[in-house]
Amino acid sequence: MLKADQTNKLYIQTMKEAFPEMRSETYNPQYIAGLRWSMVVLFAAIAVVLLKFFIDALSDPATDTASDMIFFLLFLIAGSLSGWLVYEMMKNQDEKISGLLINHQGILFLNRNDKVLSAIKYYDLVKSDNPYTKDIFSESRASGKYSDFRKNLYVHEKDENRNPQKKMVSLDVIPLKNRYDLIGHFLKGVHVFRPDLKINPEVYKDFYLDEKTMRYAPENLKNDMKLKIITIAVVILVILAFRYFFLEEI
C-alpha cells in the first residue's frame, strides 16, 4: 500500500513537471482603453440620436407604432452596448489583474509583480450534483431572451456549505490575445490532473478548439463568425421587410 502511494505521488510530481505553463498575451493597455472609450462615446452618441428619433416619431401622428418601436429597440441596444463597455472597463480596476498564468495548479490571476491575486485550482474543482449538467460546461452569461452569442466557461466548486456550485471562469478581466488558447490549455490541465471530471463536448465547439489536441482552431472561429453575421443580416432584413411591405398594406 505504501509503495502504491509513493508510486502515485511520483506520477503526480512527474506530470506537474511535464505540464507546460502558458501565460496570457495582452494588447497594449493604453490602446485598448482608448479604443474602448471611443466605442463608448460612439454607441452613446448613436443612442442619443436614436432617442431623439424616437421622441420625434412619438410626437408625429403620421408615423406608425412599428416605427416608434424600432427606434426604441435600437436605442436600447446602443445604450446597452455603451453601458456594457463601461462596466467591462471598470470591473477590474479594484483588483488590478494584469496577467494570467495556467500551470499544474490551475488558472492563476496575477498582478504586475506576478503576485497571485486569485486562482481557480484543479483540485478545488468538484463534480456537478445535477445529473443533467456536466462538471465543466459553457453557456451564455445571461439566459432566455437576454442571452448573447458569447459563451463563458463554467466549472463547479464547493460553496460555504460544501455544496457544489457553478463558477464562471472569467478570463476577460484583461484584453487577451490568446483567450481561446488559454481555455484550451486549462482544459488540457483538467484532462491531466482531474480526469474524473466530465467536460461537455459543446465546450470545444463554443471556444473553437480542436477536441483532440485542445488547441485553438482559427478556422472554426471564422466559420462561426460567418454564421452569426448571416443570422444578424437575416434578422435585420426580416424587420425591414415587415416594416416596408406588411405595414404599408395596413
# chains A, B, ... in the order shown; residues from 1 in each chain; ligands from 1

call {"tool": "residues_around", "arguments": {"residues": "Glu202 (chain A)", "least_positions_apart": "3", "cutoff": "12 Å", "atoms": "only C-alpha atoms", "output": "list of chain:residue names"}}
result
A:Thr133, A:Lys134, A:Ile136, A:Phe137, A:Ser138, A:Glu139, A:Lys151, A:Asn152, A:Leu153, A:Lys198, A:Ile199, A:Lys205, A:Asp206, A:Phe207, A:Tyr208, A:Leu209, A:Asp210, A:Glu211

call {"tool": "closest_residue", "arguments": {"among": "A:Leu51, A:Leu197, A:Leu125, A:Val192", "to": "Lys166 (chain A)", "atoms": "only C-alpha atoms"}}
result
A:Leu125

call {"tool": "select_by_dssp", "arguments": {"residues": "region 29-226 of chain A", "states": "helix (DSSP H, G or I)", "output": "ChimeraX atom specification"}}
result
/A:29-59,65-90,122-124,144-146,179-193,202-206,218-226

call {"tool": "atom_distance", "arguments": {"atom1": "CA of Ile46 (chain A)", "atom2": "CA of Ala78 (chain A)"}}
result
6.5 Å

call {"tool": "select_by_dssp", "arguments": {"residues": "region 82-220 of chain A", "states": "strand (DSSP E)", "output": "mmCIF file with N, CA and C atoms, in the first residue's frame"}}
result
data_model
loop_
_atom_site.group_PDB
_atom_site.id
_atom_site.type_symbol
_atom_site.label_atom_id
_atom_site.label_comp_id
_atom_site.auth_asym_id
_atom_site.auth_seq_id
_atom_site.Cartn_x
_atom_site.Cartn_y
_atom_site.Cartn_z
ATOM 1 N N GLY A 99 -2.274 39.928 -15.570
ATOM 2 C CA GLY A 99 -1.833 38.755 -16.313
ATOM 3 C C GLY A 99 -2.444 37.475 -15.780
ATOM 4 N N LEU A 100 -2.431 36.446 -16.614
ATOM 5 C CA LEU A 100 -2.930 35.127 -16.238
ATOM 6 C C LEU A 100 -1.832 34.095 -16.477
ATOM 7 N N LEU A 101 -1.805 33.102 -15.627
ATOM 8 C CA LEU A 101 -0.850 32.007 -15.771
ATOM 9 C C LEU A 101 -1.592 30.694 -15.559
ATOM 10 N N ILE A 102 -1.452 29.786 -16.513
ATOM 11 C CA ILE A 102 -2.043 28.454 -16.373
ATOM 12 C C ILE A 102 -0.904 27.453 -16.257
ATOM 13 N N GLY A 106 -3.559 25.315 -11.924
ATOM 14 C CA GLY A 106 -4.820 25.768 -12.499
ATOM 15 C C GLY A 106 -4.623 27.124 -13.149
ATOM 16 N N ILE A 107 -5.619 28.000 -13.003
ATOM 17 C CA ILE A 107 -5.526 29.359 -13.534
ATOM 18 C C ILE A 107 -5.173 30.307 -12.398
ATOM 19 N N LEU A 108 -4.086 31.029 -12.555
ATOM 20 C CA LEU A 108 -3.653 31.998 -11.555
ATOM 21 C C LEU A 108 -3.822 33.402 -12.130
ATOM 22 N N PHE A 109 -4.473 34.275 -11.369
ATOM 23 C CA PHE A 109 -4.664 35.668 -11.769
ATOM 24 C C PHE A 109 -3.604 36.508 -11.061
ATOM 25 N N LEU A 110 -2.766 37.180 -11.839
ATOM 26 C CA LEU A 110 -1.575 37.833 -11.304
ATOM 27 C C LEU A 110 -1.653 39.349 -11.439
ATOM 28 N N VAL A 116 -0.005 36.352 -6.911
ATOM 29 C CA VAL A 116 -1.285 35.696 -7.185
ATOM 30 C C VAL A 116 -2.397 36.409 -6.415
ATOM 31 N N LEU A 117 -3.353 36.971 -7.153
ATOM 32 C CA LEU A 117 -4.491 37.655 -6.534
ATOM 33 C C LEU A 117 -5.645 36.689 -6.276
ATOM 34 N N SER A 118 -5.829 35.751 -7.174
ATOM 35 C CA SER A 118 -6.859 34.721 -7.012
ATOM 36 C C SER A 118 -6.500 33.558 -7.926
ATOM 37 N N ALA A 119 -7.208 32.455 -7.752
ATOM 38 C CA ALA A 119 -6.880 31.267 -8.542
ATOM 39 C C ALA A 119 -8.092 30.355 -8.660
ATOM 40 N N ILE A 120 -8.111 29.607 -9.732
ATOM 41 C CA ILE A 120 -9.057 28.501 -9.899
ATOM 42 C C ILE A 120 -8.196 27.252 -10.054
ATOM 43 N N LYS A 121 -8.131 26.452 -9.004
ATOM 44 C CA LYS A 121 -7.209 25.319 -8.978
ATOM 45 C C LYS A 121 -7.928 24.018 -9.332
ATOM 46 N N PHE A 137 -18.737 23.051 -18.313
ATOM 47 C CA PHE A 137 -19.633 23.315 -19.434
ATOM 48 C C PHE A 137 -19.538 24.778 -19.838
ATOM 49 N N SER A 138 -20.255 25.130 -20.881
ATOM 50 C CA SER A 138 -20.267 26.514 -21.358
ATOM 51 C C SER A 138 -21.701 26.964 -21.553
ATOM 52 N N GLU A 139 -21.932 28.242 -21.305
ATOM 53 C CA GLU A 139 -23.243 28.830 -21.544
ATOM 54 C C GLU A 139 -23.102 30.341 -21.567
ATOM 55 N N SER A 140 -24.131 31.018 -22.051
ATOM 56 C CA SER A 140 -24.129 32.474 -22.038
ATOM 57 C C SER A 140 -24.275 32.967 -20.614
ATOM 58 N N LYS A 151 -20.112 32.863 -25.323
ATOM 59 C CA LYS A 151 -20.219 31.839 -24.293
ATOM 60 C C LYS A 151 -19.104 32.004 -23.261
ATOM 61 N N ASN A 152 -19.386 31.547 -22.053
ATOM 62 C CA ASN A 152 -18.408 31.563 -20.972
ATOM 63 C C ASN A 152 -18.217 30.147 -20.446
ATOM 64 N N LEU A 153 -17.038 29.898 -19.904
ATOM 65 C CA LEU A 153 -16.715 28.584 -19.358
ATOM 66 C C LEU A 153 -17.106 28.532 -17.885
ATOM 67 N N TYR A 154 -17.715 27.413 -17.481
ATOM 68 C CA TYR A 154 -18.137 27.239 -16.094
ATOM 69 C C TYR A 154 -17.568 25.944 -15.529
ATOM 70 N N VAL A 155 -17.184 26.009 -14.262
ATOM 71 C CA VAL A 155 -16.745 24.834 -13.513
ATOM 72 C C VAL A 155 -17.593 24.756 -12.245
ATOM 73 N N HIS A 156 -17.323 23.768 -11.417
ATOM 74 C CA HIS A 156 -18.026 23.646 -10.139
ATOM 75 C C HIS A 156 -17.020 23.640 -8.992
ATOM 76 N N GLU A 157 -17.302 24.456 -8.000
ATOM 77 C CA GLU A 157 -16.530 24.471 -6.758
ATOM 78 C C GLU A 157 -17.500 24.389 -5.585
ATOM 79 N N LYS A 158 -16.982 24.074 -4.415
ATOM 80 C CA LYS A 158 -17.836 23.995 -3.233
ATOM 81 C C LYS A 158 -18.076 25.383 -2.652
ATOM 82 N N PRO A 164 -21.755 21.715 -4.159
ATOM 83 C CA PRO A 164 -21.240 22.116 -5.473
ATOM 84 C C PRO A 164 -22.003 23.319 -6.026
ATOM 85 N N GLN A 165 -21.276 24.284 -6.514
ATOM 86 C CA GLN A 165 -21.886 25.480 -7.087
ATOM 87 C C GLN A 165 -21.107 25.877 -8.332
ATOM 88 N N LYS A 166 -21.828 26.227 -9.383
ATOM 89 C CA LYS A 166 -21.136 26.574 -10.618
ATOM 90 C C LYS A 166 -20.430 27.917 -10.471
ATOM 91 N N LYS A 167 -19.297 28.029 -11.145
ATOM 92 C CA LYS A 167 -18.499 29.248 -11.090
ATOM 93 C C LYS A 167 -17.997 29.568 -12.490
ATOM 94 N N MET A 168 -18.162 30.810 -12.896
ATOM 95 C CA MET A 168 -17.710 31.210 -14.221
ATOM 96 C C MET A 168 -16.200 31.432 -14.222
ATOM 97 N N VAL A 169 -15.545 30.875 -15.211
ATOM 98 C CA VAL A 169 -14.110 31.093 -15.393
ATOM 99 C C VAL A 169 -13.963 32.343 -16.258
#

call {"tool": "closest_residue", "arguments": {"among": "A:Met225, A:Ile232, A:Ser24, A:Met69", "to": "Ile55 (chain A)", "atoms": "only C-alpha atoms"}}
result
A:Met69

call {"tool": "closest_residue", "arguments": {"among": "A:Asn223, A:Leu76, A:Asn163, A:Asn113", "to": "Asp129 (chain A)", "atoms": "only C-alpha atoms"}}
result
A:Asn163

call {"tool": "closest_residue", "arguments": {"among": "A:Ile70, A:Ala18, A:Arg162, A:Leu171", "to": "Phe54 (chain A)", "atoms": "only C-alpha atoms"}}
result
A:Ile70

call {"tool": "closest_residue", "arguments": {"among": "A:Pro131, A:Gly83, A:Pro218, A:Gly184", "to": "Ala44 (chain A)", "atoms": "only C-alpha atoms"}}
result
A:Gly83

call {"tool": "closest_residue", "arguments": {"among": "A:Met15, A:Ala45, A:Leu35, A:Leu58", "to": "His104 (chain A)", "atoms": "only C-alpha atoms"}}
result
A:Met15
